[in-house]
$ cat protein09.txt   # compact mmCIF, C-alpha atoms and all ligand atoms
# COMPACT_ATOMS: atom_id res chain seq x y z
CA MET A 29 0.00 0.00 0.00
CA MET A 30 1.23 3.46 -0.87
CA THR A 31 1.44 5.82 2.05
CA ALA A 32 -0.25 9.22 1.86
CA LEU A 33 3.17 10.82 1.92
CA LYS A 34 4.35 8.78 -1.04
CA LYS A 35 1.22 9.67 -3.02
CA TRP A 36 1.70 13.30 -2.17
CA THR A 37 5.36 13.17 -3.21
CA ILE A 38 4.48 11.58 -6.55
CA ALA A 39 1.82 14.24 -7.17
CA VAL A 40 4.30 17.05 -6.47
CA VAL A 41 6.99 15.48 -8.64
CA CYS A 42 4.48 15.13 -11.50
CA LEU A 43 3.45 18.75 -11.13
CA LEU A 44 7.08 19.88 -11.16
CA MET A 45 7.63 17.89 -14.32
CA LEU A 46 4.79 19.53 -16.22
CA PRO A 47 6.75 22.30 -17.90
CA ALA A 48 9.48 19.80 -18.67
CA LEU A 49 6.88 17.46 -20.15
CA SER A 50 5.41 20.09 -22.46
CA GLU A 51 8.92 20.77 -23.74
CA ALA A 52 9.60 17.07 -23.76
CA GLY A 53 7.39 16.90 -26.87
CA TYR A 54 10.11 18.96 -28.51
CA LYS A 55 13.23 17.46 -29.99
CA LYS A 56 16.61 18.63 -28.78
CA GLU A 57 17.49 19.41 -32.35
CA TYR A 58 15.55 19.70 -35.61
CA LYS A 59 17.08 18.95 -38.97
CA LEU A 60 16.76 21.36 -41.89
CA SER A 61 17.68 20.20 -45.37
CA CYS A 62 19.34 22.51 -47.90
CA VAL A 63 20.70 21.39 -51.28
CA VAL A 64 23.54 23.91 -51.58
CA GLY A 65 26.47 24.91 -49.40
CA PRO A 66 26.41 27.40 -46.50
CA LYS A 67 28.13 30.20 -48.43
CA MET A 68 25.47 30.55 -51.13
CA PRO A 69 22.65 33.05 -50.36
CA TRP A 70 20.31 30.02 -50.30
CA GLY A 71 22.40 28.37 -47.56
CA GLU A 72 22.74 31.71 -45.74
CA GLY A 73 18.95 32.08 -45.84
CA ALA A 74 18.60 28.68 -44.20
CA THR A 75 21.01 29.67 -41.43
CA LEU A 76 19.28 33.00 -40.96
CA PHE A 77 15.94 31.22 -40.49
CA ALA A 78 17.45 28.79 -37.96
CA ASP A 79 19.06 31.69 -36.05
CA LEU A 80 15.84 33.74 -35.97
CA VAL A 81 13.88 30.72 -34.72
CA ARG A 82 16.43 29.91 -32.01
CA GLU A 83 16.59 33.53 -30.80
CA ARG A 84 12.87 34.19 -30.87
CA THR A 85 11.90 30.91 -29.17
CA GLU A 86 14.66 31.50 -26.62
CA GLY A 87 16.28 28.23 -27.56
CA ARG A 88 13.15 26.07 -27.37
CA VAL A 89 13.42 25.30 -31.09
CA ASN A 90 16.93 24.50 -32.15
CA ILE A 91 17.34 23.89 -35.88
CA LYS A 92 20.52 22.46 -37.34
CA VAL A 93 21.10 23.22 -41.02
CA TYR A 94 22.34 20.31 -43.15
CA THR A 95 23.79 21.92 -46.26
CA ALA A 96 25.06 20.51 -49.56
CA GLY A 97 22.32 17.87 -49.69
CA SER A 98 23.98 15.98 -46.83
CA LEU A 99 20.69 14.48 -45.54
CA MET A 100 20.02 12.82 -48.89
CA ALA A 101 23.55 11.91 -49.95
CA GLY A 102 23.38 14.62 -52.60
CA LYS A 103 20.36 13.17 -54.38
CA GLN A 104 18.45 16.40 -54.56
CA THR A 105 15.29 15.05 -56.20
CA ASN A 106 14.76 12.85 -53.10
CA GLU A 107 14.42 15.82 -50.78
CA PHE A 108 10.63 15.95 -50.65
CA LEU A 109 10.34 12.25 -49.78
CA LEU A 110 12.90 12.60 -47.02
CA LEU A 111 11.05 15.54 -45.56
CA LYS A 112 7.75 13.71 -45.79
CA ARG A 113 9.20 10.70 -44.02
CA GLY A 114 10.66 12.90 -41.29
CA VAL A 115 14.34 12.29 -42.08
CA ALA A 116 14.37 16.10 -42.24
CA ASP A 117 12.00 18.20 -40.12
CA PHE A 118 12.41 21.33 -42.22
CA ALA A 119 13.68 22.12 -45.71
CA PHE A 120 14.55 25.37 -47.43
CA ALA A 121 13.76 23.95 -50.81
CA SER A 122 13.53 24.70 -54.51
CA PRO A 123 10.40 23.48 -56.31
CA ILE A 124 12.78 22.28 -59.04
CA ASN A 125 14.02 19.53 -56.77
CA TRP A 126 10.52 18.50 -55.71
CA SER A 127 8.79 18.73 -59.06
CA SER A 128 9.62 15.21 -60.20
CA THR A 129 7.54 14.05 -57.18
CA LEU A 130 4.97 16.87 -57.12
CA LYS A 131 4.03 17.54 -60.75
CA PRO A 132 2.14 20.84 -60.20
CA LEU A 133 5.42 22.42 -59.06
CA ASN A 134 6.58 22.28 -62.67
CA LEU A 135 4.61 25.51 -62.96
CA PHE A 136 7.82 27.25 -61.91
CA ASN A 137 9.81 25.40 -64.56
CA LEU A 138 7.70 26.60 -67.49
CA PRO A 139 10.14 28.40 -69.78
CA PHE A 140 9.78 32.18 -70.20
CA PHE A 141 6.58 32.14 -68.12
CA PHE A 142 7.52 34.69 -65.43
CA GLU A 143 8.35 37.96 -67.09
CA ASP A 144 9.81 39.69 -64.06
CA TYR A 145 10.14 39.50 -60.27
CA ALA A 146 6.77 41.20 -59.79
CA ALA A 147 5.12 38.40 -61.78
CA LEU A 148 6.64 35.72 -59.56
CA ASP A 149 5.66 37.59 -56.39
CA LYS A 150 2.08 37.87 -57.63
CA VAL A 151 1.94 34.12 -58.15
CA THR A 152 3.51 33.02 -54.87
CA ALA A 153 1.33 35.50 -52.94
CA GLY A 154 -1.72 34.90 -55.11
CA GLU A 155 -4.33 32.25 -55.82
CA ALA A 156 -1.82 29.96 -57.55
CA GLY A 157 0.49 30.21 -54.53
CA LYS A 158 -2.40 29.28 -52.23
CA ALA A 159 -3.31 26.31 -54.42
CA ILE A 160 0.32 25.13 -54.38
CA GLU A 161 0.54 25.46 -50.60
CA ALA A 162 -2.71 23.50 -50.25
CA MET A 163 -1.45 20.77 -52.60
CA ILE A 164 1.79 20.42 -50.58
CA ALA A 165 -0.17 20.47 -47.28
CA LYS A 166 -2.23 17.52 -48.50
CA LYS A 167 1.02 15.58 -48.82
CA GLY A 168 1.96 16.22 -45.20
CA VAL A 169 4.22 19.26 -45.53
CA THR A 170 3.46 22.89 -44.60
CA VAL A 171 4.88 25.86 -46.52
CA LEU A 172 5.91 28.59 -44.06
CA GLY A 173 7.29 31.25 -46.37
CA TRP A 174 8.96 31.95 -49.71
CA GLY A 175 12.52 32.89 -50.59
CA GLU A 176 14.36 32.73 -53.90
CA ASN A 177 17.22 31.16 -55.77
CA GLY A 178 16.72 33.45 -58.78
CA TYR A 179 16.42 33.58 -62.55
CA ARG A 180 18.42 30.76 -64.07
CA GLU A 181 20.93 32.22 -66.55
CA ILE A 182 22.99 30.09 -68.87
CA THR A 183 26.80 30.05 -68.79
CA ASN A 184 29.14 28.12 -71.08
CA SER A 185 32.72 27.71 -72.20
CA LYS A 186 32.18 27.88 -75.97
CA ARG A 187 30.49 31.04 -77.24
CA ALA A 188 28.07 33.87 -76.49
CA ILE A 189 24.49 32.61 -76.64
CA LYS A 190 22.09 35.04 -78.23
CA THR A 191 20.06 32.90 -80.61
CA PRO A 192 18.93 29.26 -80.67
CA ALA A 193 21.69 28.61 -83.23
CA ASP A 194 24.27 29.53 -80.57
CA LEU A 195 22.79 27.01 -78.13
CA LYS A 196 22.58 24.22 -80.66
CA GLY A 197 24.41 21.05 -79.66
CA LEU A 198 25.91 22.45 -76.46
CA LYS A 199 26.10 19.88 -73.69
CA VAL A 200 24.17 21.47 -70.83
CA ARG A 201 24.00 20.15 -67.28
CA VAL A 202 20.48 20.30 -65.87
CA VAL A 203 18.85 19.10 -62.63
CA GLY A 204 17.40 15.57 -62.75
CA THR A 205 13.84 16.81 -63.18
CA PRO A 206 12.40 15.52 -66.49
CA ILE A 207 10.94 18.81 -67.76
CA PHE A 208 14.43 20.31 -68.05
CA ILE A 209 15.49 17.66 -70.52
CA ASP A 210 12.42 18.51 -72.62
CA ILE A 211 13.04 22.26 -72.40
CA MET A 212 16.70 22.01 -73.42
CA LYS A 213 15.98 19.58 -76.24
CA SER A 214 13.20 21.78 -77.58
CA MET A 215 15.68 24.65 -77.82
CA GLY A 216 18.29 22.49 -79.58
CA ALA A 217 20.72 21.83 -76.73
CA ASN A 218 22.08 18.48 -75.60
CA PRO A 219 21.04 18.19 -71.94
CA VAL A 220 22.50 15.88 -69.31
CA ASN A 221 21.11 15.27 -65.79
CA MET A 222 23.36 15.63 -62.82
CA ASN A 223 23.04 16.22 -59.12
CA TRP A 224 24.47 19.49 -57.92
CA GLY A 225 27.45 17.91 -56.15
CA GLU A 226 28.54 16.06 -59.29
CA ALA A 227 27.75 19.02 -61.49
CA LYS A 228 30.39 21.18 -59.84
CA ILE A 229 33.00 18.51 -60.58
CA ALA A 230 31.73 18.22 -64.17
CA PHE A 231 32.21 21.98 -64.69
CA GLN A 232 35.73 21.71 -63.33
CA GLN A 233 36.60 18.81 -65.60
CA GLY A 234 34.92 20.35 -68.62
CA VAL A 235 32.64 17.32 -69.00
CA VAL A 236 29.81 19.69 -69.92
CA ASP A 237 29.91 22.88 -71.99
CA ALA A 238 27.16 24.75 -70.21
CA GLN A 239 24.91 25.00 -67.15
CA GLU A 240 22.13 27.25 -65.94
CA ASN A 241 21.78 28.70 -62.45
CA PRO A 242 21.04 32.04 -60.81
CA ALA A 243 23.82 34.61 -61.20
CA VAL A 244 23.85 36.11 -57.70
CA GLY A 245 22.38 33.03 -56.03
CA ILE A 246 24.86 30.46 -57.36
CA GLU A 247 27.14 31.46 -60.24
CA ILE A 248 28.95 34.36 -58.59
CA PRO A 249 29.53 32.62 -55.22
CA LEU A 250 30.70 29.55 -57.17
CA LYS A 251 33.07 31.75 -59.26
CA ILE A 252 31.66 30.18 -62.39
CA TRP A 253 34.22 32.17 -64.43
CA GLN A 254 36.79 29.57 -63.42
CA PHE A 255 35.03 27.24 -65.87
CA HIS A 256 32.83 29.31 -68.18
CA ASN A 257 33.57 32.63 -69.86
CA HIS A 258 30.14 33.38 -71.33
CA VAL A 259 26.90 34.21 -69.54
CA SER A 260 23.57 34.98 -71.16
CA PHE A 261 20.85 36.71 -69.20
CA TRP A 262 17.80 35.17 -70.77
CA GLY A 263 15.63 34.73 -67.65
CA TYR A 264 14.11 31.51 -68.93
CA VAL A 265 13.13 30.02 -65.56
CA ILE A 266 12.84 31.61 -62.15
CA ASP A 267 13.46 29.42 -59.16
CA PRO A 268 11.67 30.41 -55.95
CA LEU A 269 12.51 28.73 -52.64
CA MET A 270 10.15 27.58 -49.89
CA PHE A 271 10.65 27.27 -46.15
CA THR A 272 8.80 24.08 -45.32
CA VAL A 273 8.15 21.80 -42.35
CA ASN A 274 6.96 18.23 -41.93
CA GLN A 275 3.47 18.35 -40.36
CA LYS A 276 4.27 15.70 -37.75
CA THR A 277 6.95 18.00 -36.41
CA TRP A 278 4.80 21.08 -36.89
CA LYS A 279 1.88 19.74 -34.85
CA LYS A 280 4.08 19.23 -31.81
CA PHE A 281 4.98 22.91 -31.51
CA SER A 282 2.92 25.14 -29.23
CA GLU A 283 0.68 27.70 -30.94
CA LYS A 284 3.02 30.44 -29.73
CA ASP A 285 6.07 28.79 -31.29
CA ARG A 286 4.24 28.14 -34.54
CA VAL A 287 3.52 31.85 -34.87
CA ILE A 288 7.19 32.64 -34.18
CA ILE A 289 8.49 30.06 -36.67
CA ARG A 290 6.14 31.20 -39.44
CA GLN A 291 7.19 34.82 -38.94
CA ALA A 292 10.87 33.82 -38.97
CA ALA A 293 10.32 32.12 -42.35
CA VAL A 294 8.60 35.20 -43.75
CA ASP A 295 11.35 37.51 -42.46
CA ALA A 296 14.24 35.29 -43.56
CA GLY A 297 12.59 34.82 -46.98
CA ARG A 298 12.20 38.56 -47.48
CA MET A 299 15.82 39.28 -46.56
CA GLN A 300 17.16 36.40 -48.63
CA LYS A 301 15.15 37.47 -51.69
CA ALA A 302 16.57 41.00 -51.48
CA VAL A 303 20.09 39.54 -51.50
CA VAL A 304 19.63 37.40 -54.64
CA ARG A 305 17.85 40.14 -56.61
CA LYS A 306 20.55 42.73 -56.06
CA GLY A 307 22.59 43.96 -58.99
CA LEU A 308 20.46 42.38 -61.70
CA VAL A 309 18.01 45.08 -62.71
CA ALA A 310 18.95 48.49 -64.17
CA PRO A 311 20.10 50.93 -62.90
CA ASP A 312 21.94 48.60 -60.51
CA LEU A 313 23.66 46.06 -62.76
CA SER A 314 26.56 45.46 -60.40
CA ALA A 315 26.20 41.67 -60.71
CA HIS A 316 26.69 41.87 -64.51
CA GLU A 317 29.68 44.16 -63.88
CA LEU A 318 31.23 41.73 -61.44
CA MET A 319 30.98 38.89 -63.96
CA ARG A 320 32.56 41.12 -66.62
CA GLU A 321 35.37 42.12 -64.28
CA ASN A 322 36.08 38.44 -63.85
CA GLY A 323 36.58 37.96 -67.55
CA MET A 324 33.11 36.87 -68.63
CA GLU A 325 31.39 38.01 -71.78
CA VAL A 326 27.96 39.15 -70.60
CA THR A 327 25.05 38.92 -73.05
CA VAL A 328 21.65 40.34 -72.16
CA LEU A 329 18.80 39.14 -74.35
CA SER A 330 16.14 41.56 -75.59
CA SER A 331 12.52 40.49 -75.37
CA GLU A 332 12.53 39.67 -79.12
CA GLU A 333 15.58 37.46 -78.63
CA LYS A 334 13.84 35.69 -75.75
CA THR A 335 10.78 35.13 -77.92
CA ALA A 336 12.92 33.24 -80.43
CA PHE A 337 13.72 30.70 -77.69
CA ARG A 338 10.25 30.80 -76.16
CA SER A 339 8.53 29.86 -79.42
CA LEU A 340 10.67 26.71 -79.67
CA THR A 341 9.38 25.54 -76.29
CA GLU A 342 5.76 25.19 -77.44
CA PRO A 343 5.95 21.34 -77.27
CA VAL A 344 7.01 21.66 -73.62
CA TYR A 345 3.85 23.63 -72.84
CA LYS A 346 1.73 21.09 -74.72
CA LYS A 347 3.19 18.19 -72.78
CA TRP A 348 3.57 19.77 -69.35
CA VAL A 349 0.60 22.10 -68.84
CA PRO A 350 -1.77 19.09 -68.53
CA ARG A 351 0.62 17.48 -66.04
CA ILE A 352 0.87 20.66 -63.99
CA GLY A 353 -2.88 21.16 -64.22
CA GLU A 354 -4.60 23.53 -66.63
CA GLU A 355 -6.42 25.16 -63.72
CA LEU A 356 -3.25 25.99 -61.80
CA VAL A 357 -1.59 27.47 -64.89
CA GLU A 358 -4.70 29.61 -65.49
CA LYS A 359 -4.67 30.75 -61.86
CA ALA A 360 -1.03 31.78 -62.21
CA LYS A 361 -1.79 33.72 -65.39
CA ALA A 362 -4.69 35.47 -63.66
CA ASP A 363 -2.44 36.31 -60.67
CA MET A 364 0.03 37.91 -63.07
CA GLY A 365 -2.75 39.83 -64.77
CA ASN A 366 -2.32 37.99 -68.10
O1 LIG B 1 21.12 21.91 -58.84
C1 LIG B 1 20.94 23.11 -59.10
O2 LIG B 1 21.18 23.59 -60.20
C2 LIG B 1 20.41 24.02 -58.01
C3 LIG B 1 21.49 24.16 -56.97
O3 LIG B 1 20.12 25.28 -58.54
C4 LIG B 1 19.17 23.44 -57.44
O4 LIG B 1 19.19 22.74 -56.47
C5 LIG B 1 17.88 23.71 -58.09
$ encode --input "protein09.txt" --output "structure tokens" --more "lines below"
Ligand code: X2X
Amino acid sequence: MMTALKKWTIAVVCLLMLPALSEAGYKKEYKLSCVVGPKMPWGEGATLFADLVRERTEGRVNIKVYTAGSLMAGKQTNEFLLLKRGVADFAFASPINWSSTLKPLNLFNLPFFFEDYAALDKVTAGEAGKAIEAMIAKKGVTVLGWGENGYREITNSKRAIKTPADLKGLKVRVVGTPIFIDIMKSMGANPVNMNWGEAKIAFQQGVVDAQENPAVGIEIPLKIWQFHNHVSFWGYVIDPLMFTVNQKTWKKFSEKDRVIIRQAAVDAGRMQKAVVRKGLVAPDLSAHELMRENGMEVTVLSSEEKTAFRSLTEPVYKKWVPRIGEELVEKAKADMGN
């Protein structure tokens, strides 16, 4: 038989443990997945988010950033599945890497679809953005906020690219997401899939002639001029980024912490976006200047020159709009005012 004193002691101990128990639902450390390294603005954005969350939750939520695809052994197109399964709790992710699993995300891969930054912002903040967030939520992942990798501009070691004839036959590294093979083929290039980790080695070894990535987001921090001496600003695809969390993890946070984490994603996304957009729009073309200073020939395509490429990608639209969903594409067009 338990004595009254023992019962009383147990009750007090339980009461004392209550705050500890509510925090006990929390992990000591949460994992955040990021495909690129810590020195790219994308990686810095991930760290900024983790820092804001740690500070504002007074250490209750401690996120460790796993850069360079380390949670998925570099296989970037596996990221969504890993997040869904809880191998990662959070991801600061590009839709490009998820779009082989989540077909509607190919909206962002449609070539020459987003005319400028304002157009992208209208979509991510608009009805299409809401529909995308709802689609991802149904799969067990919550979108907390948007950041950006940037417009993907093509660089190569052979010649200035201004017309489809210049692109013809060039061996271009693309991400292992099927639509990119279709896009490059439609424009006459010779695409090859590669994960980001291998791609950097391929540039070094000259295994490929060309690649496409954001200038400020990736090419400048990578010092792409070590491998390629031509860049063409053609703005064919813009790559947003999303702060995301696995819902099993998300549900365990208190309401107060959820508000804090969401706001941290919005704030980190806004700051990170400003970084990757800098120096790319007149009058501030300092990013173009920097590439020139490092020996690159910088080509900026006019809208007529872009149209020459865009018209070749018609088969891509025919094949991929139904896979993305007619309705979503229409929503995005309406958001942009088209
Ligand atoms: O692999 C790429 O090109 C990169 C780093 O931009 C993405 O992860 C989409």
$ axis_aligned_box --input "protein09.txt" --around "ligand LIG 1 (chain B)" --padding-each-side "6 Å" --output "AutoDock Vina command-line options"
--center_x 19.7 --center_y 23.6 --center_z -58.3 --size_x 15.6 --size_y 15.4 --size_z 15.7
$ atom_distance --input "protein09.txt" --atom1 "atom CA of Ile160 of chain A" --atom2 "atom CA of Ala96 of chain A"
25.6 Å
$ closest_residue --input "protein09.txt" --among "A:Lys251, A:Arg286, A:Lys103, A:Arg320" --to "ligand LIG 1 (chain B)" --atoms "all atoms listed in the file"
A:Lys103
$ residues_near_ligand --input "protein09.txt" --ligand "ligand LIG 1 (chain B)" --cutoff "10 Å" --atoms "all atoms listed in the file" --output "number ranges by chain"
A: 62-65, 68, 70, 96-97, 102-105, 121-126, 177-180, 201-205, 221-228, 239-242, 245-247, 267-269
$ atom_distance --input "protein09.txt" --atom1 "atom CA of Asn274 of chain A" --atom2 "atom CA of Pro69 of chain A"
23.2 Å
$ atom_distance --input "protein09.txt" --atom1 "atom CA of Asp295 of chain A" --atom2 "atom CA of Phe120 of chain A"
13.5 Å
$ residues_near_point --input "protein09.txt" --point "(5.2, 19.6, -57.6)" --cutoff "10 Å" --atoms "only C-alpha atoms" --output "PDB file with C-alpha atoms, in the coordinates of the input"
ATOM      1  CA  PHE A 108      10.630  15.950 -50.650  1.00  0.00           C
ATOM      2  CA  PRO A 123      10.400  23.480 -56.310  1.00  0.00           C
ATOM      3  CA  ILE A 124      12.780  22.280 -59.040  1.00  0.00           C
ATOM      4  CA  ASN A 125      14.020  19.530 -56.770  1.00  0.00           C
ATOM      5  CA  TRP A 126      10.520  18.500 -55.710  1.00  0.00           C
ATOM      6  CA  SER A 127       8.790  18.730 -59.060  1.00  0.00           C
ATOM      7  CA  SER A 128       9.620  15.210 -60.200  1.00  0.00           C
ATOM      8  CA  THR A 129       7.540  14.050 -57.180  1.00  0.00           C
ATOM      9  CA  LEU A 130       4.970  16.870 -57.120  1.00  0.00           C
ATOM     10  CA  LYS A 131       4.030  17.540 -60.750  1.00  0.00           C
ATOM     11  CA  PRO A 132       2.140  20.840 -60.200  1.00  0.00           C
ATOM     12  CA  LEU A 133       5.420  22.420 -59.060  1.00  0.00           C
ATOM     13  CA  ASN A 134       6.580  22.280 -62.670  1.00  0.00           C
ATOM     14  CA  LEU A 135       4.610  25.510 -62.960  1.00  0.00           C
ATOM     15  CA  PHE A 136       7.820  27.250 -61.910  1.00  0.00           C
ATOM     16  CA  ILE A 160       0.320  25.130 -54.380  1.00  0.00           C
ATOM     17  CA  MET A 163      -1.450  20.770 -52.600  1.00  0.00           C
ATOM     18  CA  ILE A 164       1.790  20.420 -50.580  1.00  0.00           C
ATOM     19  CA  ARG A 351       0.620  17.480 -66.040  1.00  0.00           C
ATOM     20  CA  ILE A 352       0.870  20.660 -63.990  1.00  0.00           C
TER      21      ILE A 352
END
$ closest_residue --input "protein09.txt" --among "A:Val304, A:Val81, A:Val89, A:Leu109" --to "Gly53 of chain A" --atoms "all atoms listed in the file"
A:Val89
$ closest_residue --input "protein09.txt" --among "A:Arg338, A:Lys186, A:Arg88, A:Lys55" --to "Lys276 of chain A" --atoms "only C-alpha atoms"
A:Lys55
$ residues_near_point --input "protein09.txt" --point "(0.5, 30.8, -38.9)" --cutoff "12 Å" --atoms "all atoms listed in the file" --output "PDB file with C-alpha atoms, in the frame of the given file"
ATOM      1  CA  THR A 170       3.460  22.890 -44.600  1.00  0.00           C
ATOM      2  CA  VAL A 171       4.880  25.860 -46.520  1.00  0.00           C
ATOM      3  CA  LEU A 172       5.910  28.590 -44.060  1.00  0.00           C
ATOM      4  CA  GLY A 173       7.290  31.250 -46.370  1.00  0.00           C
ATOM      5  CA  TRP A 278       4.800  21.080 -36.890  1.00  0.00           C
ATOM      6  CA  LYS A 279       1.880  19.740 -34.850  1.00  0.00           C
ATOM      7  CA  PHE A 281       4.980  22.910 -31.510  1.00  0.00           C
ATOM      8  CA  SER A 282       2.920  25.140 -29.230  1.00  0.00           C
ATOM      9  CA  GLU A 283       0.680  27.700 -30.940  1.00  0.00           C
ATOM     10  CA  LYS A 284       3.020  30.440 -29.730  1.00  0.00           C
ATOM     11  CA  ASP A 285       6.070  28.790 -31.290  1.00  0.00           C
ATOM     12  CA  ARG A 286       4.240  28.140 -34.540  1.00  0.00           C
ATOM     13  CA  VAL A 287       3.520  31.850 -34.870  1.00  0.00           C
ATOM     14  CA  ILE A 288       7.190  32.640 -34.180  1.00  0.00           C
ATOM     15  CA  ILE A 289       8.490  30.060 -36.670  1.00  0.00           C
ATOM     16  CA  ARG A 290       6.140  31.200 -39.440  1.00  0.00           C
ATOM     17  CA  GLN A 291       7.190  34.820 -38.940  1.00  0.00           C
ATOM     18  CA  ALA A 292      10.870  33.820 -38.970  1.00  0.00           C
ATOM     19  CA  ALA A 293      10.320  32.120 -42.350  1.00  0.00           C
ATOM     20  CA  VAL A 294       8.600  35.200 -43.750  1.00  0.00           C
TER      21      VAL A 294
END
$ residues_around --input "protein09.txt" --residues "segment 111-114 of chain A" --least-positions-apart "3" --cutoff "8 Å" --atoms "all atoms listed in the file" --output "PyMOL selection string"
chain A and resi 107-108+117-119+167-169+273-274+276-277
$ residues_around --input "protein09.txt" --residues "Val326 of chain A" --least-positions-apart "6" --cutoff "10 Å" --atoms "only C-alpha atoms" --output "PDB file with C-alpha atoms, keeping the file's coordinate frame"
ATOM      1  CA  THR A 183      26.800  30.050 -68.790  1.00  0.00           C
ATOM      2  CA  ALA A 188      28.070  33.870 -76.490  1.00  0.00           C
ATOM      3  CA  ILE A 189      24.490  32.610 -76.640  1.00  0.00           C
ATOM      4  CA  ASN A 257      33.570  32.630 -69.860  1.00  0.00           C
ATOM      5  CA  HIS A 258      30.140  33.380 -71.330  1.00  0.00           C
ATOM      6  CA  VAL A 259      26.900  34.210 -69.540  1.00  0.00           C
ATOM      7  CA  SER A 260      23.570  34.980 -71.160  1.00  0.00           C
ATOM      8  CA  PHE A 261      20.850  36.710 -69.200  1.00  0.00           C
ATOM      9  CA  HIS A 316      26.690  41.870 -64.510  1.00  0.00           C
ATOM     10  CA  GLU A 317      29.680  44.160 -63.880  1.00  0.00           C
ATOM     11  CA  MET A 319      30.980  38.890 -63.960  1.00  0.00           C
ATOM     12  CA  ARG A 320      32.560  41.120 -66.620  1.00  0.00           C
TER      13      ARG A 320
END
$ closest_residue --input "protein09.txt" --among "A:Lys199, A:Lys361, A:Lys67, A:Lys59" --to "Thr272 of chain A" --atoms "only C-alpha atoms"
A:Lys59
$ closest_residue --input "protein09.txt" --among "A:Glu155, A:Glu358, A:Glu143, A:Glu176" --to "Lys334 of chain A" --atoms "all atoms listed in the file"
A:Glu143
$ closest_residue --input "protein09.txt" --among "A:Phe77, A:Tyr145, A:Trp174, A:Phe337" --to "Trp262 of chain A" --atoms "all atoms listed in the file"
A:Phe337
$ residues_around --input "protein09.txt" --residues "Pro192 of chain A" --least-positions-apart "2" --cutoff "10 Å" --atoms "only C-alpha atoms" --output "VMD selection string"
chain A and resid 189 to 190 194 to 197 214 to 217 333 to 334 336 to 338 340
$ residues_around --input "protein09.txt" --residues "Asn90 of chain A" --least-positions-apart "5" --cutoff "8 Å" --atoms "only C-alpha atoms" --output "list in words"
Lys56, Glu57, Tyr58, Ala78, Val81 and Arg82 of chain A
$ write_last_selection --input "protein09.txt" --atoms "C-alpha atoms" --output "tab-separated table (two decimals), in the coordinates of the input"
chain	number	residue	atom	x	y	z
A	56	LYS	CA	16.61	18.63	-28.78
A	57	GLU	CA	17.49	19.41	-32.35
A	58	TYR	CA	15.55	19.70	-35.61
A	78	ALA	CA	17.45	28.79	-37.96
A	81	VAL	CA	13.88	30.72	-34.72
A	82	ARG	CA	16.43	29.91	-32.01
